[in-house]
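Some notes on the structure that comes next.
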Amino acid sequence: MASPGIPLDTAAIMSSVLEGILYGFSVLMFVGTIWIITYKRRIRDINRPAVAVATLLFLLSTAHMVVGIIRIEDGLVKYRDTFPGGPAAFFADVFEETFVVKNVIIILQTLLGDGVVIYRCYIVWQSVWIVIIPCMMWCGIAAFGGFAVYDFSQASSNDVFTNRTGHLVATFMTLTLATNLLSSGLLAYRIWMSERKVSRIRTTKGKMSLLRVLVDAAILYSAALCSSIMCFVLSNNGLYVMADLNIPIISIAFYMVFIRIAHSQQNQDYVTTVPRGTSEIIEQRNSQQYPMRSLDDIYRQYDSPLADTPKAHTLV
């Protein structure tokens with residue numbers, strides 16, 4: 001029985017167009033991320049883990065975009081008249097090579113994104129016990145994602161909404177959403193507590209705090225995941241569109257955080273290089289214009305062990 005919603009060939013075209021738009025934004029943000037991390041910095045001072053993660057996000061997004069274009073060309077041009085059932089049947093074929101490759105990229109991008117959130121959570125808490133549950137959920141994402149891809153090549157039906165593969169996909173998406181919400185919630189709570197302490201000595205309140213940036217990124221990512229889950233529950237072909245859109249959305253969400261934190265750290269570095277006589281004026285002016293502070297700066301003020309670890313200067 002055909003799934004409700006848009007036809008699969010239409011969904012393929014729509015997802016490629018929308019993904020291309022978001023991919024363009026993610027490329028601009030990737031360039032901005034690399035520039036702000038490396039601009040006027042010596043090689044030894046560059047945040048290499050952040051550069052590595054940003055580059056991996058960009059490469060996975062690019063690979064997914066390329067495979068999607070190849071899939072469109074195969075379904076609508078190359079095999080249009082030779083594939084049994086036409087383009088709609090081609091895009092419904094879960095055995096098709098490009099479909100499997102796209103899902104592998106989605107799983108890798110998801111694991112990378114959730115892994116960064118969990119790592120940030122560990123950095124701000126400095127406790128392995130805090131991230132045990134998120135790490136177990138992350139392993140579950142990897143396991144169910146791997147099983148789902150394997151089942152795509154072994155499934156006896158193309159209907160991903162009813163067979164065993166569908167249950168694996170549903171579990172994968174649910175675990176991803178739960179992991180993101182739990183890790184982001186723990187991260188936001190810890191930063192909120194620190195922001196409360198910092199706000200006691202601030203003369204003015206900032207308009208854009210670190211907490212708000214992280215929450216905005218988490219909401220963006222979670223909204224895309226919720227849309228995918230809703231499409232799956234309704235057995236709607238919009239799931240294929242949302243699955244493709246999740247790739248650039250993950251990149252955009254993390255570039256948002258990278259750019260804002262790197263910009264804050266650059267501002268802090270500049271303040272420390274000026275003479276003491278002008279430092280107070282600049283610091284007061286910057287506290288109004290750039291109120292967000294890097295995570296290690298916040299914890300250094302309150303004698304946290306985070307400030308003394310090299311990890312404080314990595315992905316956070």
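All residue names refer to the structure tokens as shown: chains lettered A, B, ... in order, residues numbered from 1 in each chain, ligands numbered from 1 in order.
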
Residues at most 9 Å from A:Ile250, counting only C-alpha atoms, excluding those fewer than 2 positions away in the same chain, as a PDB file with all heavy atoms, in the first residue's frame?
ATOM      1  N   LEU A  57      32.098  17.588   9.644  1.00  0.00           N
ATOM      2  CA  LEU A  57      30.698  17.931   9.372  1.00  0.00           C
ATOM      3  C   LEU A  57      30.526  18.421   7.939  1.00  0.00           C
ATOM      4  O   LEU A  57      29.567  18.051   7.245  1.00  0.00           O
ATOM      5  CB  LEU A  57      30.225  19.004  10.357  1.00  0.00           C
ATOM      6  CG  LEU A  57      30.034  18.579  11.811  1.00  0.00           C
ATOM      7  CD1 LEU A  57      29.776  19.784  12.694  1.00  0.00           C
ATOM      8  CD2 LEU A  57      28.890  17.580  11.940  1.00  0.00           C
ATOM      9  N   GLN A 109      26.873  11.339  10.485  1.00  0.00           N
ATOM     10  CA  GLN A 109      26.671  12.750  10.847  1.00  0.00           C
ATOM     11  C   GLN A 109      25.968  12.854  12.193  1.00  0.00           C
ATOM     12  O   GLN A 109      26.314  13.706  13.033  1.00  0.00           O
ATOM     13  CB  GLN A 109      25.861  13.453   9.761  1.00  0.00           C
ATOM     14  CG  GLN A 109      25.671  14.955   9.973  1.00  0.00           C
ATOM     15  CD  GLN A 109      26.773  15.768   9.353  1.00  0.00           C
ATOM     16  OE1 GLN A 109      27.922  15.327   9.277  1.00  0.00           O
ATOM     17  NE2 GLN A 109      26.446  16.951   8.888  1.00  0.00           N
ATOM     18  N   THR A 110      24.983  12.005  12.411  1.00  0.00           N
ATOM     19  CA  THR A 110      24.256  12.013  13.681  1.00  0.00           C
ATOM     20  C   THR A 110      25.172  11.632  14.841  1.00  0.00           C
ATOM     21  O   THR A 110      25.146  12.269  15.905  1.00  0.00           O
ATOM     22  CB  THR A 110      23.069  11.049  13.611  1.00  0.00           C
ATOM     23  OG1 THR A 110      22.196  11.436  12.547  1.00  0.00           O
ATOM     24  CG2 THR A 110      22.292  11.054  14.916  1.00  0.00           C
ATOM     25  N   GLY A 113      27.531  14.563  15.556  1.00  0.00           N
ATOM     26  CA  GLY A 113      26.855  15.671  16.231  1.00  0.00           C
ATOM     27  C   GLY A 113      26.529  15.356  17.679  1.00  0.00           C
ATOM     28  O   GLY A 113      26.805  16.160  18.585  1.00  0.00           O
ATOM     29  N   ALA A 217      20.627  26.183  19.318  1.00  0.00           N
ATOM     30  CA  ALA A 217      21.144  25.086  18.496  1.00  0.00           C
ATOM     31  C   ALA A 217      20.437  23.774  18.824  1.00  0.00           C
ATOM     32  O   ALA A 217      20.094  22.996  17.923  1.00  0.00           O
ATOM     33  CB  ALA A 217      22.653  24.946  18.705  1.00  0.00           C
ATOM     34  N   LEU A 220      16.888  23.859  17.354  1.00  0.00           N
ATOM     35  CA  LEU A 220      16.916  23.671  15.901  1.00  0.00           C
ATOM     36  C   LEU A 220      17.078  22.199  15.549  1.00  0.00           C
ATOM     37  O   LEU A 220      16.341  21.654  14.702  1.00  0.00           O
ATOM     38  CB  LEU A 220      18.058  24.492  15.298  1.00  0.00           C
ATOM     39  CG  LEU A 220      18.296  24.335  13.790  1.00  0.00           C
ATOM     40  CD1 LEU A 220      17.083  24.814  13.005  1.00  0.00           C
ATOM     41  CD2 LEU A 220      19.553  25.111  13.373  1.00  0.00           C
ATOM     42  N   TYR A 221      18.022  21.541  16.186  1.00  0.00           N
ATOM     43  CA  TYR A 221      18.282  20.127  15.931  1.00  0.00           C
ATOM     44  C   TYR A 221      17.092  19.270  16.358  1.00  0.00           C
ATOM     45  O   TYR A 221      16.645  18.375  15.634  1.00  0.00           O
ATOM     46  CB  TYR A 221      19.555  19.723  16.684  1.00  0.00           C
ATOM     47  CG  TYR A 221      20.060  18.340  16.405  1.00  0.00           C
ATOM     48  CD1 TYR A 221      19.662  17.623  15.289  1.00  0.00           C
ATOM     49  CD2 TYR A 221      20.966  17.732  17.273  1.00  0.00           C
ATOM     50  CE1 TYR A 221      20.144  16.345  15.043  1.00  0.00           C
ATOM     51  CE2 TYR A 221      21.455  16.460  17.034  1.00  0.00           C
ATOM     52  CZ  TYR A 221      21.032  15.768  15.921  1.00  0.00           C
ATOM     53  OH  TYR A 221      21.504  14.517  15.678  1.00  0.00           O
ATOM     54  N   LEU A 245      17.219  16.701   5.136  1.00  0.00           N
ATOM     55  CA  LEU A 245      17.421  18.049   5.683  1.00  0.00           C
ATOM     56  C   LEU A 245      18.163  18.013   7.013  1.00  0.00           C
ATOM     57  O   LEU A 245      18.794  19.004   7.402  1.00  0.00           O
ATOM     58  CB  LEU A 245      16.069  18.756   5.864  1.00  0.00           C
ATOM     59  CG  LEU A 245      15.275  19.052   4.601  1.00  0.00           C
ATOM     60  CD1 LEU A 245      14.029  19.860   4.939  1.00  0.00           C
ATOM     61  CD2 LEU A 245      16.122  19.798   3.581  1.00  0.00           C
ATOM     62  N   ASN A 246      18.095  16.891   7.714  1.00  0.00           N
ATOM     63  CA  ASN A 246      18.784  16.803   9.002  1.00  0.00           C
ATOM     64  C   ASN A 246      20.297  16.953   8.861  1.00  0.00           C
ATOM     65  O   ASN A 246      20.970  17.436   9.783  1.00  0.00           O
ATOM     66  CB  ASN A 246      18.474  15.461   9.678  1.00  0.00           C
ATOM     67  CG  ASN A 246      17.111  15.456  10.349  1.00  0.00           C
ATOM     68  OD1 ASN A 246      16.573  16.507  10.680  1.00  0.00           O
ATOM     69  ND2 ASN A 246      16.553  14.270  10.538  1.00  0.00           N
ATOM     70  N   ILE A 247      20.837  16.558   7.709  1.00  0.00           N
ATOM     71  CA  ILE A 247      22.292  16.614   7.523  1.00  0.00           C
ATOM     72  C   ILE A 247      22.814  18.053   7.600  1.00  0.00           C
ATOM     73  O   ILE A 247      23.680  18.361   8.438  1.00  0.00           O
ATOM     74  CB  ILE A 247      22.681  15.960   6.187  1.00  0.00           C
ATOM     75  CG1 ILE A 247      22.401  14.458   6.229  1.00  0.00           C
ATOM     76  CG2 ILE A 247      24.154  16.192   5.877  1.00  0.00           C
ATOM     77  CD1 ILE A 247      23.246  13.696   7.210  1.00  0.00           C
ATOM     78  N   PRO A 248      22.334  18.988   6.754  1.00  0.00           N
ATOM     79  CA  PRO A 248      22.844  20.357   6.891  1.00  0.00           C
ATOM     80  C   PRO A 248      22.393  21.044   8.176  1.00  0.00           C
ATOM     81  O   PRO A 248      23.094  21.928   8.681  1.00  0.00           O
ATOM     82  CB  PRO A 248      22.272  21.067   5.652  1.00  0.00           C
ATOM     83  CG  PRO A 248      21.075  20.278   5.271  1.00  0.00           C
ATOM     84  CD  PRO A 248      21.405  18.864   5.617  1.00  0.00           C
ATOM     85  N   ILE A 252      24.722  23.215  10.630  1.00  0.00           N
ATOM     86  CA  ILE A 252      24.408  24.604  10.962  1.00  0.00           C
ATOM     87  C   ILE A 252      24.318  24.794  12.470  1.00  0.00           C
ATOM     88  O   ILE A 252      24.828  25.780  13.027  1.00  0.00           O
ATOM     89  CB  ILE A 252      23.098  25.027  10.272  1.00  0.00           C
ATOM     90  CG1 ILE A 252      23.303  25.124   8.759  1.00  0.00           C
ATOM     91  CG2 ILE A 252      22.592  26.356  10.820  1.00  0.00           C
ATOM     92  CD1 ILE A 252      22.027  25.351   7.969  1.00  0.00           C
ATOM     93  N   ALA A 253      23.661  23.851  13.158  1.00  0.00           N
ATOM     94  CA  ALA A 253      23.500  23.967  14.609  1.00  0.00           C
ATOM     95  C   ALA A 253      24.844  24.028  15.324  1.00  0.00           C
ATOM     96  O   ALA A 253      25.033  24.825  16.249  1.00  0.00           O
ATOM     97  CB  ALA A 253      22.666  22.791  15.126  1.00  0.00           C
ATOM     98  N   PHE A 254      25.801  23.216  14.884  1.00  0.00           N
ATOM     99  CA  PHE A 254      27.090  23.199  15.565  1.00  0.00           C
ATOM    100  C   PHE A 254      27.991  24.334  15.114  1.00  0.00           C
ATOM    101  O   PHE A 254      28.797  24.825  15.903  1.00  0.00           O
ATOM    102  CB  PHE A 254      27.749  21.838  15.372  1.00  0.00           C
ATOM    103  CG  PHE A 254      27.097  20.767  16.177  1.00  0.00           C
ATOM    104  CD1 PHE A 254      26.104  19.977  15.638  1.00  0.00           C
ATOM    105  CD2 PHE A 254      27.439  20.574  17.505  1.00  0.00           C
ATOM    106  CE1 PHE A 254      25.477  18.999  16.392  1.00  0.00           C
ATOM    107  CE2 PHE A 254      26.826  19.597  18.263  1.00  0.00           C
ATOM    108  CZ  PHE A 254      25.837  18.810  17.711  1.00  0.00           C
ATOM    109  N   TYR A 255      27.862  24.784  13.878  1.00  0.00           N
ATOM    110  CA  TYR A 255      28.620  25.955  13.450  1.00  0.00           C
ATOM    111  C   TYR A 255      28.187  27.192  14.235  1.00  0.00           C
ATOM    112  O   TYR A 255      29.003  28.072  14.520  1.00  0.00           O
ATOM    113  CB  TYR A 255      28.433  26.208  11.953  1.00  0.00           C
ATOM    114  CG  TYR A 255      29.048  25.150  11.065  1.00  0.00           C
ATOM    115  CD1 TYR A 255      28.549  24.890   9.785  1.00  0.00           C
ATOM    116  CD2 TYR A 255      30.144  24.399  11.475  1.00  0.00           C
ATOM    117  CE1 TYR A 255      29.109  23.923   8.967  1.00  0.00           C
ATOM    118  CE2 TYR A 255      30.705  23.434  10.673  1.00  0.00           C
ATOM    119  CZ  TYR A 255      30.182  23.202   9.416  1.00  0.00           C
ATOM    120  OH  TYR A 255      30.737  22.241   8.607  1.00  0.00           O
TER     121      TYR A 255
END

Write out as a count of residues only which residues come within 10 Å of stretch 133-141 of chain A when counting only C-alpha atoms, dropping same-chain ones fewer than 4 positions away.
-> 29

Original post:
Using only C-alpha atoms, which of the listed residues (A:Ala224, A:Leu177, A:Leu76, A:Ala243) sits closest to A:Ile105?
Top reply: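 Of all the options, A:Ala243 lies closest to A:Ile105.
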
Atom CA of A:Ile36 sits from atom CA of A:Leu186 at a separation of 27.3 Å

If you count only C-alpha atoms, the residue of A:Val116, A:Gly238, A:Val257, A:Met65 closest to A:Leu22 turns out to be A:Met65

**Asked** Distance atom CA of A:Tyr79-atom CA of A:Val160, one decimal place?
**Response**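 Atom CA of A:Tyr79 sits 22.3 Å away from atom CA of A:Val160.
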
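Separating atom CA of A:Phe90 from atom CA of A:Ser251 is a distance of 28.7 Å.
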
Have a look at A:Val131, A:Ala52, A:Ala170, A:Leu214 and name the one nearest to A:Met230; count only C-alpha atoms.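 Distance minimum relative to A:Met230 lands on A:Ala170.
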
Near-A:Thr55 list (10 Å; only C-alpha atoms; drop same-chain fewer than 3 positions) as a list of chain:residue names
A:Phe30, A:Val31, A:Thr33, A:Ile34, A:Pro49, A:Ala50, A:Val51, A:Ala52, A:Phe58, A:Leu59, A:Leu60, A:Ser61, A:Ser251

With distances taken over only C-alpha atoms, the candidate from A:Thr10, A:Ser16, A:Ser227, A:Asn47 nearest A:Phe258 is A:Asn47

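Nearest to A:Ala148 of all the residues A:Ile132, A:Arg41, A:Val104, A:Gln126 is A:Val104, based on only C-alpha atoms.
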